[in-house]
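This is final-v8.txt (compact mmCIF, C-alpha atoms).
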```txt
# COMPACT_ATOMS: atom_id res chain seq x y z
CA MET C 186 131.46 4.96 84.03
CA ILE C 187 128.43 3.10 85.42
CA HIS C 188 125.03 4.78 85.31
CA VAL C 189 121.88 3.01 86.54
CA SER C 190 118.47 4.66 86.38
CA HIS C 191 115.23 3.20 87.80
CA LEU C 192 116.52 -0.35 87.33
CA THR C 193 113.92 -3.01 88.08
CA LYS C 194 113.81 -6.77 87.65
CA LYS C 195 110.67 -8.81 88.29
CA TYR C 196 110.05 -12.54 88.18
CA GLY C 197 106.30 -12.83 88.02
CA GLN C 198 104.98 -11.25 91.20
CA ASN C 199 108.42 -11.24 92.84
CA THR C 200 110.51 -8.08 92.53
CA ALA C 201 114.21 -8.98 92.78
CA VAL C 202 115.52 -5.45 92.09
CA ASP C 203 113.20 -2.56 92.85
CA ASP C 204 113.72 0.81 91.09
CA ILE C 205 117.36 1.42 92.03
CA ASN C 206 119.51 4.36 90.93
CA PHE C 207 123.26 4.90 91.28
CA GLU C 208 126.41 6.07 89.51
CA VAL C 209 130.00 4.85 89.84
CA GLN C 210 132.72 7.18 88.59
CA GLN C 211 136.00 6.31 86.90
CA GLY C 212 138.61 5.10 89.37
CA GLU C 213 136.13 4.19 92.12
CA ILE C 214 135.95 0.91 94.00
CA VAL C 215 132.41 0.58 95.29
CA GLY C 216 131.23 -2.23 97.54
CA TYR C 217 127.76 -3.57 96.74
CA LEU C 218 126.51 -5.31 99.87
CA GLY C 219 123.38 -7.08 100.98
CA PRO C 220 122.02 -10.22 102.63
CA ASN C 221 121.67 -13.42 100.61
CA GLY C 222 118.85 -13.00 98.12
CA ALA C 223 118.84 -9.20 98.40
CA GLY C 224 119.33 -8.65 94.65
CA LYS C 225 123.12 -8.20 94.37
CA SER C 226 123.86 -10.87 91.77
CA THR C 227 120.70 -10.03 89.83
CA THR C 228 121.88 -6.42 89.57
CA LEU C 229 125.31 -7.43 88.29
CA LYS C 230 123.84 -9.84 85.74
CA MET C 231 121.75 -7.00 84.32
CA LEU C 232 124.76 -4.67 84.23
CA VAL C 233 126.82 -7.15 82.19
CA GLY C 234 123.97 -8.10 79.86
CA LEU C 235 123.17 -11.59 81.14
CA LEU C 236 119.68 -10.57 82.28
CA GLN C 237 117.20 -8.26 80.61
CA PRO C 238 115.78 -5.64 83.00
CA THR C 239 112.05 -5.40 83.42
CA SER C 240 112.48 -1.62 83.24
CA GLY C 241 115.12 1.05 83.69
CA GLU C 242 118.28 2.16 81.94
CA ILE C 243 121.92 1.01 82.17
CA SER C 244 124.99 2.71 80.75
CA VAL C 245 128.52 1.35 81.24
CA ALA C 246 131.69 2.99 79.87
CA GLY C 247 129.46 5.28 77.82
CA TYR C 248 127.52 2.45 76.15
CA ASN C 249 123.81 1.78 76.50
CA ALA C 250 123.14 -1.79 77.66
CA GLU C 251 120.02 -2.07 75.51
CA THR C 252 121.24 -0.67 72.19
CA GLU C 253 125.05 -1.07 72.41
CA LEU C 254 125.49 -4.28 74.39
CA LEU C 255 128.31 -5.76 72.27
CA ASP C 256 130.32 -2.55 72.52
CA LEU C 257 129.66 -2.46 76.26
CA LYS C 258 130.95 -6.01 76.71
CA GLN C 259 134.23 -5.13 75.02
CA HIS C 260 134.99 -2.77 77.88
CA ILE C 261 134.05 -4.86 80.92
CA GLY C 262 135.44 -7.77 82.87
CA TYR C 263 133.12 -10.00 84.92
CA VAL C 264 133.79 -12.55 87.64
CA PRO C 265 130.47 -14.32 88.32
CA GLU C 266 129.44 -15.77 91.65
CA GLU C 267 129.35 -19.28 90.21
CA ALA C 268 132.14 -20.64 88.00
CA GLN C 269 131.08 -20.93 84.36
CA LEU C 270 134.03 -22.46 82.57
CA TYR C 271 134.63 -24.71 79.58
CA GLU C 272 135.78 -27.68 81.63
CA HIS C 273 136.97 -29.78 78.68
CA LEU C 274 139.54 -27.08 77.86
CA THR C 275 142.91 -26.58 79.51
CA LEU C 276 143.71 -23.33 81.27
CA VAL C 277 145.74 -22.18 78.26
CA GLU C 278 142.96 -23.08 75.83
CA HIS C 279 140.33 -21.32 77.94
CA LEU C 280 142.36 -18.12 78.15
CA GLN C 281 143.16 -18.31 74.44
CA LEU C 282 139.42 -18.45 73.76
CA MET C 283 138.81 -15.44 75.99
CA GLY C 284 141.56 -13.45 74.28
CA ARG C 285 140.24 -14.28 70.81
CA LEU C 286 136.69 -13.35 71.77
CA TYR C 287 138.04 -9.93 72.67
CA GLN C 288 140.01 -9.84 69.39
CA LEU C 289 143.44 -9.60 70.98
CA GLU C 290 146.51 -10.31 68.87
CA GLU C 291 147.82 -13.86 69.19
CA ARG C 292 151.20 -12.63 70.39
CA LEU C 293 149.57 -10.60 73.15
CA ILE C 294 147.32 -13.52 74.11
CA ALA C 295 150.31 -15.83 74.51
CA GLN C 296 152.20 -13.24 76.53
CA LYS C 297 149.27 -12.54 78.87
CA ILE C 298 148.58 -16.23 79.45
CA LYS C 299 152.19 -16.85 80.41
CA GLU C 300 152.37 -13.85 82.72
CA LEU C 301 148.97 -14.35 84.36
CA ALA C 302 149.64 -18.05 84.97
CA LYS C 303 152.88 -17.12 86.71
CA LEU C 304 151.25 -14.32 88.70
CA PHE C 305 148.54 -16.63 90.04
CA ASP C 306 150.88 -19.63 90.61
CA MET C 307 149.16 -21.68 87.89
CA GLU C 308 152.13 -22.40 85.61
CA SER C 309 152.22 -26.12 86.47
CA GLN C 310 148.46 -26.44 85.80
CA ALA C 311 148.46 -24.48 82.53
CA SER C 312 148.09 -27.60 80.36
CA GLN C 313 145.64 -29.40 82.64
CA ARG C 314 141.94 -29.62 81.87
CA ILE C 315 139.77 -27.34 83.97
CA SER C 316 137.63 -30.35 84.96
CA SER C 317 140.53 -31.45 87.19
CA PHE C 318 140.84 -28.07 88.97
CA SER C 319 140.02 -27.40 92.60
CA GLN C 320 137.47 -24.70 93.41
CA GLY C 321 140.24 -22.22 94.17
CA MET C 322 141.98 -22.93 90.85
CA ARG C 323 138.69 -22.42 89.01
CA GLN C 324 138.27 -19.07 90.73
CA LYS C 325 141.73 -18.02 89.62
CA CYS C 326 140.81 -19.01 86.06
CA LEU C 327 137.70 -16.79 86.24
CA ILE C 328 139.76 -13.86 87.48
CA MET C 329 142.41 -14.31 84.78
CA SER C 330 139.67 -14.48 82.14
CA ALA C 331 138.21 -11.19 83.38
CA LEU C 332 141.60 -9.46 83.27
CA MET C 333 142.83 -10.75 79.89
CA HIS C 334 141.63 -7.80 77.79
CA ASN C 335 142.48 -4.95 80.19
CA PRO C 336 138.85 -3.90 80.79
CA ASP C 337 137.84 -0.39 81.80
CA VAL C 338 135.18 -1.65 84.23
CA LEU C 339 135.30 -4.72 86.48
CA PHE C 340 132.18 -6.37 87.89
CA LEU C 341 133.16 -8.75 90.67
CA ASP C 342 130.60 -11.05 92.32
CA GLU C 343 132.18 -12.68 95.40
CA PRO C 344 135.57 -12.83 93.62
CA PHE C 345 137.56 -14.12 96.61
CA THR C 346 135.51 -17.30 97.10
CA ASN C 347 137.77 -20.35 97.70
CA LEU C 348 140.97 -18.34 97.20
CA ASP C 349 143.97 -18.92 99.44
CA VAL C 350 145.23 -16.14 101.71
CA GLY C 351 148.13 -15.24 99.42
CA THR C 352 145.89 -14.79 96.39
CA VAL C 353 143.37 -12.73 98.38
CA THR C 354 146.19 -10.44 99.51
CA LEU C 355 147.39 -10.12 95.91
CA MET C 356 143.88 -9.37 94.65
CA LYS C 357 143.28 -6.63 97.22
CA ALA C 358 146.48 -4.87 96.20
CA LEU C 359 145.81 -5.44 92.49
CA LEU C 360 142.29 -3.99 92.64
CA GLN C 361 143.53 -0.92 94.48
CA ARG C 362 146.25 -0.32 91.88
CA LEU C 363 143.80 -0.82 89.03
CA ALA C 364 141.53 1.82 90.57
CA ASP C 365 144.51 4.14 90.90
CA LEU C 366 145.05 3.66 87.14
CA GLY C 367 141.47 4.72 86.41
CA LYS C 368 139.67 1.37 86.33
CA THR C 369 136.15 1.31 87.75
CA ILE C 370 135.28 -1.58 90.06
CA LEU C 371 131.90 -2.69 91.41
CA TYR C 372 132.60 -5.28 94.10
CA CYS C 373 129.63 -7.41 95.14
CA THR C 374 129.96 -9.34 98.40
CA HIS C 375 128.46 -10.26 101.75
CA ILE C 376 131.93 -10.58 103.35
CA LEU C 377 131.97 -7.28 105.18
CA GLU C 378 135.55 -7.47 106.44
CA VAL C 379 136.93 -7.41 102.90
CA ALA C 380 134.59 -4.64 101.76
CA GLU C 381 135.55 -2.48 104.73
CA THR C 382 139.26 -2.57 103.87
CA LEU C 383 138.89 -2.35 100.08
CA CYS C 384 135.92 -0.10 99.33
CA PRO C 385 135.84 3.60 100.31
CA ARG C 386 132.18 3.78 99.26
CA ILE C 387 129.44 1.31 100.12
CA MET C 388 126.02 0.62 98.62
CA ILE C 389 123.63 -1.67 100.49
CA ILE C 390 120.68 -3.42 98.87
CA ASN C 391 118.00 -5.16 100.92
CA THR C 392 114.92 -6.95 99.58
CA GLY C 393 115.61 -5.41 96.18
CA LYS C 394 115.79 -1.80 97.38
CA LEU C 395 118.92 0.34 97.62
CA ILE C 396 118.87 1.47 101.25
CA ALA C 397 122.32 3.10 101.52
CA ASP C 398 124.88 4.68 99.20
CA ALA C 399 127.66 6.68 100.84
CA PRO C 400 131.33 6.70 101.87
CA VAL C 401 132.01 4.38 104.79
CA GLU C 402 132.90 7.29 107.07
CA GLU C 403 129.58 8.98 106.32
CA LEU C 404 127.70 5.78 107.14
CA ARG C 405 129.58 5.58 110.44
CA GLN C 406 128.42 9.08 111.34
CA GLU C 407 124.81 8.45 110.29
CA THR C 408 124.48 5.21 112.25
CA ASN C 409 126.78 6.02 115.20
CA GLN C 410 128.49 2.70 114.54
CA THR C 411 132.17 2.06 113.92
CA ALA C 412 132.46 -1.36 112.29
CA LEU C 413 130.87 -2.07 108.91
CA ASN C 414 129.17 -5.19 110.23
CA GLU C 415 127.42 -3.06 112.87
CA ILE C 416 126.39 -0.50 110.23
CA PHE C 417 125.09 -3.30 108.02
CA ALA C 418 123.12 -4.90 110.85
CA GLN C 419 121.50 -1.60 111.79
CA LEU C 420 120.54 -0.62 108.25
CA THR C 421 119.21 -4.06 107.30
CA GLU C 422 117.55 -4.50 110.71
CA THR C 423 119.47 -7.70 111.36
CA THR C 424 118.60 -8.03 115.03
CA GLY C 425 118.01 -10.72 117.59
CA ILE C 426 121.29 -12.57 116.98
CA ASP C 427 121.65 -13.58 120.64
CA GLU C 428 118.14 -15.00 120.69
CA LYS C 429 118.68 -16.85 117.43
CA THR C 430 121.95 -18.28 118.73
CA GLU C 431 120.24 -19.68 121.81
CA GLU C 432 117.48 -21.12 119.64
CA ALA C 433 120.10 -22.75 117.40
CA ILE C 434 121.78 -24.31 120.45
CA ARG C 435 118.42 -25.68 121.59
CA ILE C 436 117.71 -27.19 118.16
CA VAL C 437 121.18 -28.71 117.75
CA THR C 438 121.58 -30.08 121.27
CA GLY C 439 117.95 -30.90 121.98
CA SER C 440 118.11 -28.99 125.24
CA THR C 441 115.15 -27.17 126.74
CA PRO C 442 115.34 -23.48 127.60
CA ASP C 443 115.70 -22.38 131.19
CA VAL C 444 112.43 -21.43 132.86
```

Represent the structure of the file as structure tokens.
Amino acid sequence: MIHVSHLTKKYGQNTAVDDINFEVQQGEIVGYLGPNGAGKSTTLKMLVGLLQPTSGEISVAGYNAETELLDLKQHIGYVPEEAQLYEHLTLVEHLQLMGRLYQLEERLIAQKIKELAKLFDMESQASQRISSFSQGMRQKCLIMSALMHNPDVLFLDEPFTNLDVGTVTLMKALLQRLADLGKTILYCTHILEVAETLCPRIMIINTGKLIADAPVEELRQETNQTALNEIFAQLTETTGIDEKTEEAIRIVTGSTPDV
């Protein structure tokens, strides 16, 4: 469902994504991990057509991102890292707009808005302007917008940000069921605890390069580590945490190190 070949994105002399290749099959939930600034969000923006690659090829749901972008977008749902909402609209108006952009029937749009608002405990806020929403409510609006048209592929960039515990629990179960029904999900995050419980397969990007792509169990065997955070630290060479902690204490408290 997702095919990426030699994908590269450069900004001047800086290479944000460096010649990466991967495939995600129908029904898979794949975690896309990496440190801040590693290239995760840049990758997703290219996959959904928000950024033009410097080079490489992208195919999603059988559509080429360069020549069939509008068709591709009909089959995907996208939750971006940062909320991009029409704040002067109400929740109902925003979801109506999303449904009409995907050419859904008005009856179906009305039904989905009602049911999604109830599912995400947003019924009482349905007629409120988005400008009055909390960060968590905005995140729910983004998720509902991505689900409105029953997409074949979901691209999720830190989708659980600002969500309450109940909604996170619901989303974990929902994503698993959607995968069981044949939906393909690429889940981008740096919250390793969620990725470990949700994603059977993990890809890790670091400084623009894809440095790992395997089932979690295989990564455990390769690294001789059990927890995903330990695997991540080893593969990304995130070392010296104890030393950095002591340095942070010195900076914050103004204390001098023991000699």

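Between Asp203 (chain C) and the residues C:Ile328, C:Gln296, C:Glu290, C:Ile396, the shortest atom-to-atom distance, using only C-alpha atoms, involves C:Ile396.
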
Find the residues near Gln419 (chain C): any atom within 12 Å, counting all atoms listed in the file, skip ones fewer than 2 places away on the same chain, and give them as number ranges by chain. C: 389, 391, 396-397, 404-405, 407-417, 421-425

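The space separating CA of Val215 (chain C) from CA of Cys384 (chain C) comes to 5.4 Å.
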
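In this comparison, which uses all atoms listed in the file, the residue of C:His191, C:His279, C:Arg386, C:Lys368 approaching Met333 (chain C) most closely is C:His279.
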
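Shortest atom-to-atom contact with Lys225 (chain C) among C:Glu432, C:Glu213, C:Asp342, C:Glu378: C:Asp342, counting all atoms listed in the file.
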
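The nearest approach to Leu371 (chain C) among the residues C:Ile261, C:Ala433, C:Ala250, C:His334, with only C-alpha atoms taken into account, belongs to C:Ile261.
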
One decimal place gives the CA of Ile387 (chain C)-CA of His375 (chain C) separation as 11.7 Å

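Of note, CA of Asp306 (chain C) and CA of Arg323 (chain C) are spaced 12.6 Å apart.
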
As a short mmCIF file (atom, residue, chain, number, x, y, z; two decimals), keeping the file's coordinate frame, the rebuilt region 281-307 of chain C with N, CA and C atoms:
```cif
data_model
loop_
_atom_site.label_atom_id
_atom_site.label_comp_id
_atom_site.auth_asym_id
_atom_site.auth_seq_id
_atom_site.Cartn_x
_atom_site.Cartn_y
_atom_site.Cartn_z
N GLN C 281 143.04 -18.62 75.87
CA GLN C 281 143.16 -18.31 74.44
C GLN C 281 141.78 -17.95 73.87
N LEU C 282 140.78 -18.72 74.24
CA LEU C 282 139.42 -18.45 73.76
C LEU C 282 138.96 -17.07 74.22
N MET C 283 139.22 -16.75 75.48
CA MET C 283 138.81 -15.44 75.99
C MET C 283 139.52 -14.32 75.22
N GLY C 284 140.81 -14.47 75.00
CA GLY C 284 141.56 -13.45 74.28
C GLY C 284 141.06 -13.27 72.85
N ARG C 285 140.73 -14.37 72.20
CA ARG C 285 140.24 -14.28 70.81
C ARG C 285 138.85 -13.68 70.74
N LEU C 286 138.02 -13.97 71.74
CA LEU C 286 136.69 -13.35 71.77
C LEU C 286 136.79 -11.83 71.87
N TYR C 287 137.83 -11.36 72.56
CA TYR C 287 138.04 -9.93 72.67
C TYR C 287 138.96 -9.40 71.58
N GLN C 288 139.27 -10.23 70.60
CA GLN C 288 140.01 -9.84 69.39
C GLN C 288 141.41 -9.32 69.70
N LEU C 289 142.06 -9.94 70.69
CA LEU C 289 143.44 -9.60 70.98
C LEU C 289 144.37 -10.27 69.98
N GLU C 290 145.52 -9.69 69.75
CA GLU C 290 146.51 -10.31 68.87
C GLU C 290 147.05 -11.58 69.52
N GLU C 291 147.36 -12.57 68.68
CA GLU C 291 147.82 -13.86 69.19
C GLU C 291 149.08 -13.71 70.04
N ARG C 292 149.97 -12.84 69.62
CA ARG C 292 151.20 -12.63 70.39
C ARG C 292 150.88 -12.11 71.78
N LEU C 293 149.95 -11.17 71.87
CA LEU C 293 149.57 -10.60 73.15
C LEU C 293 148.84 -11.64 74.01
N ILE C 294 148.01 -12.45 73.38
CA ILE C 294 147.32 -13.52 74.11
C ILE C 294 148.33 -14.46 74.76
N ALA C 295 149.30 -14.91 73.99
CA ALA C 295 150.31 -15.83 74.51
C ALA C 295 151.10 -15.20 75.66
N GLN C 296 151.44 -13.94 75.50
CA GLN C 296 152.20 -13.24 76.53
C GLN C 296 151.38 -13.12 77.82
N LYS C 297 150.11 -12.72 77.68
CA LYS C 297 149.27 -12.54 78.87
C LYS C 297 149.01 -13.87 79.57
N ILE C 298 148.80 -14.93 78.83
CA ILE C 298 148.58 -16.23 79.45
C ILE C 298 149.79 -16.63 80.29
N LYS C 299 150.95 -16.48 79.71
CA LYS C 299 152.19 -16.85 80.41
C LYS C 299 152.35 -16.03 81.67
N GLU C 300 152.14 -14.73 81.58
CA GLU C 300 152.37 -13.85 82.72
C GLU C 300 151.29 -14.00 83.80
N LEU C 301 150.04 -14.17 83.39
CA LEU C 301 148.97 -14.35 84.36
C LEU C 301 149.10 -15.69 85.08
N ALA C 302 149.45 -16.74 84.35
CA ALA C 302 149.64 -18.05 84.97
C ALA C 302 150.73 -18.00 86.03
N LYS C 303 151.80 -17.27 85.74
CA LYS C 303 152.88 -17.12 86.71
C LYS C 303 152.42 -16.29 87.90
N LEU C 304 151.72 -15.21 87.64
CA LEU C 304 151.25 -14.32 88.70
C LEU C 304 150.37 -15.05 89.70
N PHE C 305 149.49 -15.94 89.18
CA PHE C 305 148.54 -16.63 90.04
C PHE C 305 149.00 -18.05 90.40
N ASP C 306 150.30 -18.32 90.24
CA ASP C 306 150.88 -19.63 90.61
C ASP C 306 150.15 -20.79 89.94
N MET C 307 149.88 -20.64 88.64
CA MET C 307 149.16 -21.68 87.89
C MET C 307 149.99 -22.22 86.73
#
```
